[in-house]
file input_2.json (JSON, C-alpha atoms)
[["chain", "number", "residue", "atom", "x", "y", "z"],
["A", 100, "SER", "CA", -23.25, 21.11, -19.23],
["A", 101, "PRO", "CA", -24.83, 18.93, -21.97],
["A", 102, "PHE", "CA", -21.44, 17.44, -22.81],
["A", 103, "ARG", "CA", -19.18, 15.04, -20.92],
["A", 104, "PHE", "CA", -15.81, 13.97, -22.26],
["A", 105, "SER", "CA", -13.99, 10.75, -21.55],
["A", 106, "SER", "CA", -10.77, 9.11, -22.70],
["A", 107, "TRP", "CA", -9.22, 5.66, -22.77],
["A", 108, "MET", "CA", -5.58, 6.86, -22.98],
["A", 109, "GLY", "CA", -3.74, 5.57, -19.95],
["A", 110, "GLY", "CA", -6.61, 3.32, -18.92],
["A", 111, "ASP", "CA", -6.95, 0.61, -21.59],
["A", 112, "ARG", "CA", -4.97, -2.38, -20.29],
["A", 113, "ASP", "CA", -6.48, -4.93, -22.67],
["A", 114, "GLY", "CA", -3.62, -6.22, -24.81],
["A", 115, "ASN", "CA", -1.22, -3.59, -23.52],
["A", 116, "PRO", "CA", 0.91, -4.71, -20.57],
["A", 117, "ASN", "CA", 2.59, -1.30, -20.49],
["A", 118, "ILE", "CA", -0.54, 0.31, -19.04],
["A", 119, "THR", "CA", 0.17, -0.17, -15.36],
["A", 120, "ALA", "CA", -1.42, 1.41, -12.33],
["A", 121, "ALA", "CA", 1.42, 3.96, -12.31],
["A", 122, "VAL", "CA", 0.68, 4.93, -15.92],
["A", 123, "THR", "CA", -3.02, 5.35, -15.17],
["A", 124, "ARG", "CA", -2.21, 7.51, -12.15],
["A", 125, "GLU", "CA", 0.08, 9.69, -14.24],
["A", 126, "ALA", "CA", -2.58, 10.09, -16.94],
["A", 127, "VAL", "CA", -5.21, 11.16, -14.42],
["A", 128, "LEU", "CA", -2.96, 13.67, -12.66],
["A", 129, "THR", "CA", -1.60, 15.07, -15.93],
["A", 130, "ASN", "CA", -5.16, 15.71, -17.11],
["A", 131, "ARG", "CA", -5.97, 17.50, -13.87],
["A", 132, "ILE", "CA", -2.84, 19.65, -14.11],
["A", 133, "THR", "CA", -3.72, 20.59, -17.69],
["A", 134, "ALA", "CA", -7.23, 21.67, -16.71],
["A", 135, "VAL", "CA", -6.07, 23.78, -13.77],
["A", 136, "THR", "CA", -3.31, 25.38, -15.85],
["A", 137, "LEU", "CA", -5.81, 26.47, -18.50],
["A", 138, "TYR", "CA", -8.18, 27.86, -15.88],
["A", 139, "LEU", "CA", -5.34, 29.72, -14.19],
["A", 140, "GLU", "CA", -4.36, 31.38, -17.46],
["A", 141, "ALA", "CA", -7.98, 32.37, -18.12],
["A", 142, "VAL", "CA", -8.39, 33.87, -14.66],
["A", 143, "GLN", "CA", -5.21, 35.91, -15.02],
["A", 144, "GLN", "CA", -6.54, 37.31, -18.29],
["A", 145, "LEU", "CA", -9.86, 38.17, -16.66],
["A", 146, "MET", "CA", -7.98, 40.06, -13.95],
["A", 147, "SER", "CA", -6.39, 42.19, -16.66],
["A", 148, "ASP", "CA", -9.73, 42.87, -18.32],
["A", 149, "PHE", "CA", -12.07, 43.33, -15.35],
["A", 150, "SER", "CA", -11.27, 46.84, -14.12],
["A", 151, "MET", "CA", -14.95, 47.70, -13.62],
["A", 152, "LEU", "CA", -15.74, 49.60, -10.45],
["A", 153, "GLU", "CA", -19.45, 48.98, -9.98],
["A", 154, "ALA", "CA", -20.72, 45.85, -8.25],
["A", 155, "THR", "CA", -23.82, 44.89, -6.32],
["A", 156, "SER", "CA", -23.92, 45.34, -2.55],
["A", 157, "GLU", "CA", -24.19, 41.55, -2.18],
["A", 158, "PHE", "CA", -21.03, 41.06, -4.21],
["A", 159, "ASP", "CA", -19.19, 43.72, -2.21],
["A", 160, "LEU", "CA", -19.90, 41.70, 0.93],
["A", 161, "LEU", "CA", -18.44, 38.59, -0.72],
["A", 162, "VAL", "CA", -15.32, 40.56, -1.68],
["A", 163, "GLU", "CA", -14.95, 41.79, 1.90],
["A", 164, "ALA", "CA", -15.14, 38.20, 3.14],
["A", 165, "SER", "CA", -12.51, 37.18, 0.58],
["A", 166, "SER", "CA", -10.15, 39.91, 1.80],
["A", 167, "LYS", "CA", -10.55, 38.73, 5.39],
["A", 168, "ARG", "CA", -9.79, 35.12, 4.40],
["A", 169, "LEU", "CA", -6.60, 36.15, 2.61],
["A", 170, "GLU", "CA", -5.48, 38.32, 5.51],
["A", 171, "GLY", "CA", -6.15, 35.52, 7.95],
["A", 172, "ARG", "CA", -4.12, 33.05, 5.89],
["A", 173, "PHE", "CA", -1.23, 35.14, 4.57],
["A", 174, "GLY", "CA", -1.06, 38.32, 6.66],
["A", 175, "ASP", "CA", -1.15, 41.99, 5.75],
["A", 176, "ASP", "CA", -0.97, 43.53, 2.27],
["A", 177, "GLU", "CA", 2.82, 43.44, 2.20],
["A", 178, "ALA", "CA", 2.89, 39.75, 3.11],
["A", 179, "ILE", "CA", 0.30, 38.96, 0.44],
["A", 180, "ALA", "CA", 2.33, 40.85, -2.16],
["A", 181, "ARG", "CA", 5.49, 38.89, -1.22],
["A", 182, "MET", "CA", 3.59, 35.62, -1.46],
["A", 183, "ARG", "CA", 2.29, 36.46, -4.93],
["A", 184, "ARG", "CA", 5.65, 37.62, -6.24],
["A", 185, "GLY", "CA", 7.13, 34.37, -5.01],
["A", 186, "ARG", "CA", 4.57, 32.46, -7.04],
["A", 187, "GLY", "CA", 5.66, 34.12, -10.25],
["A", 188, "TYR", "CA", 2.42, 35.87, -11.11],
["A", 189, "SER", "CA", 2.80, 38.33, -13.96],
["A", 190, "GLN", "CA", 0.87, 41.19, -12.30],
["A", 191, "PHE", "CA", -1.47, 42.23, -9.49],
["A", 192, "PHE", "CA", 0.72, 41.27, -6.55],
["A", 193, "ALA", "CA", -0.61, 43.50, -3.78],
["A", 194, "PRO", "CA", -4.30, 43.26, -2.91],
["A", 195, "ASN", "CA", -6.36, 45.31, -5.34],
["A", 196, "PRO", "CA", -8.11, 48.40, -3.99],
["A", 197, "ALA", "CA", -11.68, 48.17, -2.80],
["A", 198, "ASN", "CA", -12.95, 49.90, -5.96],
["A", 199, "GLU", "CA", -11.77, 46.94, -8.06],
["A", 200, "PRO", "CA", -14.12, 44.28, -6.66],
["A", 201, "TYR", "CA", -13.89, 41.80, -9.52],
["A", 202, "ARG", "CA", -10.11, 41.79, -9.51],
["A", 203, "LYS", "CA", -10.13, 41.26, -5.75],
["A", 204, "MET", "CA", -12.39, 38.24, -6.07],
["A", 205, "LEU", "CA", -10.46, 36.82, -9.01],
["A", 206, "ALA", "CA", -7.21, 37.22, -7.06],
["A", 207, "GLU", "CA", -8.36, 34.67, -4.49],
["A", 208, "VAL", "CA", -9.45, 32.34, -7.30],
["A", 209, "ARG", "CA", -5.98, 32.70, -8.84],
["A", 210, "ASP", "CA", -4.29, 31.94, -5.51],
["A", 211, "ARG", "CA", -6.36, 28.81, -5.00],
["A", 212, "LEU", "CA", -5.84, 27.58, -8.56],
["A", 213, "TRP", "CA", -2.07, 28.04, -8.18],
["A", 214, "GLU", "CA", -2.13, 25.99, -4.98],
["A", 215, "THR", "CA", -4.25, 23.32, -6.68],
["A", 216, "LYS", "CA", -1.69, 23.03, -9.46],
["A", 217, "GLU", "CA", 1.24, 22.86, -7.04],
["A", 218, "SER", "CA", -0.44, 20.16, -4.95],
["A", 219, "LEU", "CA", -1.12, 18.10, -8.07],
["A", 220, "TYR", "CA", 2.49, 18.39, -9.20],
["A", 221, "ARG", "CA", 3.66, 17.31, -5.75],
["A", 222, "TRP", "CA", 1.33, 14.31, -5.87],
["A", 223, "LEU", "CA", 2.55, 13.41, -9.36],
["A", 224, "ASN", "CA", 6.25, 13.71, -8.63],
["A", 225, "HIS", "CA", 6.68, 12.74, -5.01],
["A", 226, "GLY", "CA", 4.38, 9.98, -3.95],
["A", 227, "ASN", "CA", 1.31, 7.80, -4.36],
["A", 228, "GLN", "CA", -0.55, 9.33, -1.44],
["A", 229, "MET", "CA", -2.99, 12.13, -2.18],
["A", 230, "PRO", "CA", -1.94, 15.35, -0.42],
["A", 231, "ALA", "CA", -4.17, 16.09, 2.54],
["A", 232, "GLU", "CA", -5.26, 19.45, 1.10],
["A", 233, "LEU", "CA", -6.69, 17.72, -1.99],
["A", 234, "ALA", "CA", -8.58, 15.23, 0.17],
["A", 235, "ARG", "CA", -10.54, 18.02, 1.86],
["A", 236, "LYS", "CA", -14.30, 17.59, 1.62],
["A", 237, "PRO", "CA", -15.77, 20.30, -0.65],
["A", 238, "THR", "CA", -17.75, 23.01, 1.10],
["A", 239, "ALA", "CA", -21.30, 23.97, 0.24],
["A", 240, "SER", "CA", -20.31, 27.64, -0.16],
["A", 241, "SER", "CA", -16.66, 28.61, -0.14],
["A", 242, "LEU", "CA", -17.59, 32.28, -0.64],
["A", 243, "HIS", "CA", -19.15, 32.39, 2.81],
["A", 244, "SER", "CA", -16.35, 30.50, 4.56],
["A", 245, "ARG", "CA", -14.48, 32.36, 7.28],
["A", 246, "HIS", "CA", -11.29, 30.46, 6.49],
["A", 247, "TYR", "CA", -9.11, 30.34, 3.39],
["A", 248, "LEU", "CA", -9.63, 26.88, 1.91],
["A", 249, "GLY", "CA", -6.55, 26.42, -0.28],
["A", 250, "PRO", "CA", -6.66, 24.09, -3.30],
["A", 251, "TYR", "CA", -9.97, 23.46, -5.01],
["A", 252, "THR", "CA", -11.47, 20.03, -4.43],
["A", 253, "SER", "CA", -14.61, 20.34, -6.59],
["A", 254, "LYS", "CA", -15.69, 22.18, -9.69],
["A", 255, "GLY", "CA", -18.56, 23.66, -7.67],
["A", 256, "GLU", "CA", -16.09, 25.57, -5.51],
["A", 257, "LEU", "CA", -14.46, 27.03, -8.62],
["A", 258, "LEU", "CA", -17.76, 27.85, -10.31],
["A", 259, "GLU", "CA", -19.17, 29.67, -7.29],
["A", 260, "PRO", "CA", -17.05, 32.86, -7.47],
["A", 261, "LEU", "CA", -17.23, 32.94, -11.28],
["A", 262, "LEU", "CA", -21.03, 32.75, -11.20],
["A", 263, "ALA", "CA", -21.14, 35.42, -8.48],
["A", 264, "ILE", "CA", -19.05, 37.74, -10.65],
["A", 265, "ARG", "CA", -21.31, 37.15, -13.61],
["A", 266, "ALA", "CA", -24.47, 37.77, -11.59],
["A", 267, "SER", "CA", -23.10, 41.07, -10.28],
["A", 268, "LEU", "CA", -22.06, 42.22, -13.74],
["A", 269, "VAL", "CA", -25.50, 41.44, -15.16],
["A", 270, "ASP", "CA", -27.27, 43.23, -12.32],
["A", 271, "CYS", "CA", -25.08, 46.27, -12.88],
["A", 272, "GLY", "CA", -25.92, 46.40, -16.58],
["A", 273, "ASP", "CA", -22.68, 44.87, -17.86],
["A", 274, "THR", "CA", -24.30, 41.89, -19.55],
["A", 275, "LEU", "CA", -22.14, 42.24, -22.65],
["A", 276, "VAL", "CA", -19.02, 41.88, -20.52],
["A", 277, "ALA", "CA", -20.54, 39.02, -18.53],
["A", 278, "ASP", "CA", -21.32, 37.10, -21.72],
["A", 279, "GLY", "CA", -17.71, 37.24, -22.97],
["A", 280, "PRO", "CA", -14.64, 35.29, -21.78],
["A", 281, "LEU", "CA", -16.08, 34.95, -18.28],
["A", 282, "SER", "CA", -19.04, 32.94, -19.56],
["A", 283, "ASP", "CA", -16.66, 30.92, -21.73],
["A", 284, "LEU", "CA", -14.67, 30.00, -18.62],
["A", 285, "ILE", "CA", -17.84, 29.12, -16.70],
["A", 286, "ARG", "CA", -18.91, 26.77, -19.49],
["A", 287, "GLN", "CA", -15.46, 25.18, -19.60],
["A", 288, "VAL", "CA", -15.42, 24.53, -15.86],
["A", 289, "ALA", "CA", -18.96, 23.15, -15.98],
["A", 290, "CYS", "CA", -18.01, 20.81, -18.84],
["A", 291, "PHE", "CA", -14.49, 19.70, -17.94],
["A", 292, "GLY", "CA", -14.44, 20.17, -14.17],
["A", 293, "LEU", "CA", -11.14, 19.78, -12.35],
["A", 294, "ALA", "CA", -10.41, 16.46, -14.05],
["A", 295, "LEU", "CA", -10.51, 17.63, -17.71],
["A", 296, "THR", "CA", -11.94, 14.25, -18.74],
["A", 297, "SER", "CA", -13.09, 11.02, -17.14],
["A", 298, "LEU", "CA", -10.87, 8.01, -17.77],
["A", 299, "ASP", "CA", -12.31, 4.73, -19.04],
["A", 300, "ILE", "CA", -10.57, 1.74, -17.44],
["A", 301, "ARG", "CA", -10.51, -1.58, -19.32],
["A", 302, "GLN", "CA", -8.79, -4.55, -17.69],
["A", 303, "GLU", "CA", -6.68, -7.12, -19.57],
["A", 304, "SER", "CA", -9.25, -9.60, -20.94],
["A", 305, "THR", "CA", -7.24, -12.71, -20.00],
["A", 306, "ARG", "CA", -7.70, -11.86, -16.32],
["A", 307, "HIS", "CA", -11.40, -12.65, -16.76],
["A", 308, "SER", "CA", -11.09, -15.80, -18.85]]

call {"tool": "encode", "arguments": {"input": "input_2.json", "output": "structure tokens"}}
result
Amino acid sequence: SPFRFSSWMGGDRDGNPNITAAVTREAVLTNRITAVTLYLEAVQQLMSDFSMLEATSEFDLLVEASSKRLEGRFGDDEAIARMRRGRGYSQFFAPNPANEPYRKMLAEVRDRLWETKESLYRWLNHGNQMPAELARKPTASSLHSRHYLGPYTSKGELLEPLLAIRASLVDCGDTLVADGPLSDLIRQVACFGLALTSLDIRQESTRHS
């Protein structure tokens, strides 16, 4: 992305004794929660829109791997549906059929974004220590992982399935669809990442005089 956003809100301590370490921590985590919430809403909308049946053979293999990860983590279709109902999703509880490849891939993205948001809320509300699942080292390719990875820990992990969906759509002749809200979401993730914005920290000037 050609743009990078930054903010001083919650990080400028110079002349403001109310900006403590706790305030800065809250600002950072609130920004992250906002970003993930917006991405989650966008993904749920894409799931409603992306009913296309045709995908490339390469993408079908990625969808098959996604299904195996979910089964390994949550159990059979009934268990997955119970899990998703418990999370309050508005639709698409049970695993989508094989002829809805984009919805199947987006479903795993939705699950991981939900877990990212929940982990951030737990960190914000219940302690100073980063949850272990958020401290996980990002993988080079989450789409080829044999194991369900849980919360996202890098924007690259979130971009990977979105870019794979777009590539499959383009190869199948659905460029107009690929260039719509999906590309908007890809640009947003590339620009804002999981943090929404970087935070500029300025220390109280008297501490350096």

call {"tool": "closest_residue", "arguments": {"input": "input_2.json", "among": "A:Arg183, A:Ala164, A:Ser150, A:Thr155", "to": "Pro196 (chain A)", "atoms": "only C-alpha atoms"}}
result
A:Ser150

call {"tool": "residues_near_point", "arguments": {"input": "input_2.json", "point": "(-7.3, 30.1, -10.7)", "cutoff": "10 Å", "atoms": "only C-alpha atoms", "output": "ChimeraX atom specification"}}
result
/A:135-143,205-216,250-251,257

call {"tool": "atom_distance", "arguments": {"input": "input_2.json", "atom1": "CA of Thr252 (chain A)", "atom2": "CA of Arg235 (chain A)"}}
result
6.7 Å

call {"tool": "closest_residue", "arguments": {"input": "input_2.json", "among": "A:Asn227, A:Ser244, A:Ser166, A:Ser156", "to": "Arg124 (chain A)", "atoms": "only C-alpha atoms"}}
result
A:Asn227

call {"tool": "atom_distance", "arguments": {"input": "input_2.json", "atom1": "CA of Ala263 (chain A)", "atom2": "CA of Ala180 (chain A)"}}
result
24.9 Å

call {"tool": "residues_around", "arguments": {"input": "input_2.json", "residues": "Leu281 (chain A)", "least_positions_apart": "2", "cutoff": "12 Å", "atoms": "only C-alpha atoms", "output": "VMD selection string"}}
result
chain A and resid 138 141 to 146 148 to 149 201 205 258 260 to 266 268 to 269 273 to 279 283 to 288

call {"tool": "atom_distance", "arguments": {"input": "input_2.json", "atom1": "CA of Lys254 (chain A)", "atom2": "CA of Gly174 (chain A)"}}
result
27.2 Å

call {"tool": "closest_residue", "arguments": {"input": "input_2.json", "among": "A:Ala126, A:Glu157, A:Leu219, A:Met151", "to": "Asn198 (chain A)", "atoms": "only C-alpha atoms"}}
result
A:Met151

call {"tool": "residues_near_point", "arguments": {"input": "input_2.json", "point": "(2.1, 14.0, -13.1)", "cutoff": "8 Å", "atoms": "only C-alpha atoms", "output": "ChimeraX atom specification"}}
result
/A:124-129,132,219-220,222-224

call {"tool": "closest_residue", "arguments": {"input": "input_2.json", "among": "A:Arg184, A:Gly272, A:Pro194, A:Leu161", "to": "Ser240 (chain A)", "atoms": "only C-alpha atoms"}}
result
A:Leu161

call {"tool": "build_atoms", "arguments": {"input": "input_2.json", "residues": "region 237-255 of chain A", "atoms": "N, CA, C and O atoms", "output": "compact mmCIF listing (two decimals), in the coordinates of the input"}}
result
# COMPACT_ATOMS: atom_id res chain seq x y z
N PRO A 237 -15.31 19.02 -0.11
CA PRO A 237 -15.77 20.30 -0.65
C PRO A 237 -16.81 20.96 0.25
O PRO A 237 -17.62 20.28 0.89
N THR A 238 -16.79 22.28 0.30
CA THR A 238 -17.75 23.01 1.10
C THR A 238 -18.97 23.39 0.26
O THR A 238 -18.89 23.51 -0.96
N ALA A 239 -20.08 23.60 0.95
CA ALA A 239 -21.30 23.97 0.24
C ALA A 239 -21.18 25.37 -0.36
O ALA A 239 -21.71 25.64 -1.44
N SER A 240 -20.48 26.28 0.34
CA SER A 240 -20.31 27.64 -0.16
C SER A 240 -18.98 28.18 0.33
O SER A 240 -18.87 28.66 1.46
N SER A 241 -17.98 28.11 -0.52
CA SER A 241 -16.66 28.61 -0.14
C SER A 241 -16.65 30.13 -0.01
O SER A 241 -15.82 30.69 0.70
N LEU A 242 -17.56 30.82 -0.69
CA LEU A 242 -17.59 32.28 -0.64
C LEU A 242 -18.02 32.80 0.72
O LEU A 242 -17.75 33.95 1.07
N HIS A 243 -18.71 31.97 1.48
CA HIS A 243 -19.15 32.39 2.81
C HIS A 243 -18.30 31.78 3.93
O HIS A 243 -18.60 31.97 5.10
N SER A 244 -17.23 31.09 3.56
CA SER A 244 -16.35 30.50 4.56
C SER A 244 -15.54 31.58 5.25
O SER A 244 -15.12 32.56 4.63
N ARG A 245 -15.31 31.40 6.53
CA ARG A 245 -14.48 32.36 7.28
C ARG A 245 -13.00 32.07 7.08
O ARG A 245 -12.16 32.93 7.38
N HIS A 246 -12.69 30.88 6.59
CA HIS A 246 -11.29 30.46 6.49
C HIS A 246 -10.90 30.25 5.02
O HIS A 246 -11.70 29.77 4.21
N TYR A 247 -9.66 30.59 4.72
CA TYR A 247 -9.11 30.34 3.39
C TYR A 247 -8.99 28.83 3.20
O TYR A 247 -8.42 28.13 4.05
N LEU A 248 -9.50 28.32 2.08
CA LEU A 248 -9.63 26.88 1.91
C LEU A 248 -8.50 26.23 1.12
O LEU A 248 -8.40 25.01 1.06
N GLY A 249 -7.66 27.01 0.46
CA GLY A 249 -6.55 26.42 -0.28
C GLY A 249 -7.00 25.78 -1.59
O GLY A 249 -7.93 26.27 -2.24
N PRO A 250 -6.36 24.70 -2.00
CA PRO A 250 -6.66 24.09 -3.30
C PRO A 250 -8.14 23.74 -3.47
O PRO A 250 -8.81 23.36 -2.51
N TYR A 251 -8.60 23.85 -4.71
CA TYR A 251 -9.97 23.46 -5.01
C TYR A 251 -10.09 21.94 -4.99
O TYR A 251 -9.22 21.22 -5.47
N THR A 252 -11.22 21.48 -4.46
CA THR A 252 -11.47 20.03 -4.43
C THR A 252 -12.76 19.67 -5.16
O THR A 252 -13.15 18.50 -5.17
N SER A 253 -13.42 20.63 -5.78
CA SER A 253 -14.61 20.34 -6.59
C SER A 253 -14.80 21.47 -7.60
O SER A 253 -14.39 22.61 -7.36
N LYS A 254 -15.43 21.13 -8.71
CA LYS A 254 -15.69 22.18 -9.69
C LYS A 254 -16.71 23.18 -9.17
O LYS A 254 -16.71 24.35 -9.58
N GLY A 255 -17.58 22.75 -8.25
CA GLY A 255 -18.56 23.66 -7.67
C GLY A 255 -17.90 24.81 -6.94
O GLY A 255 -18.36 25.95 -7.00
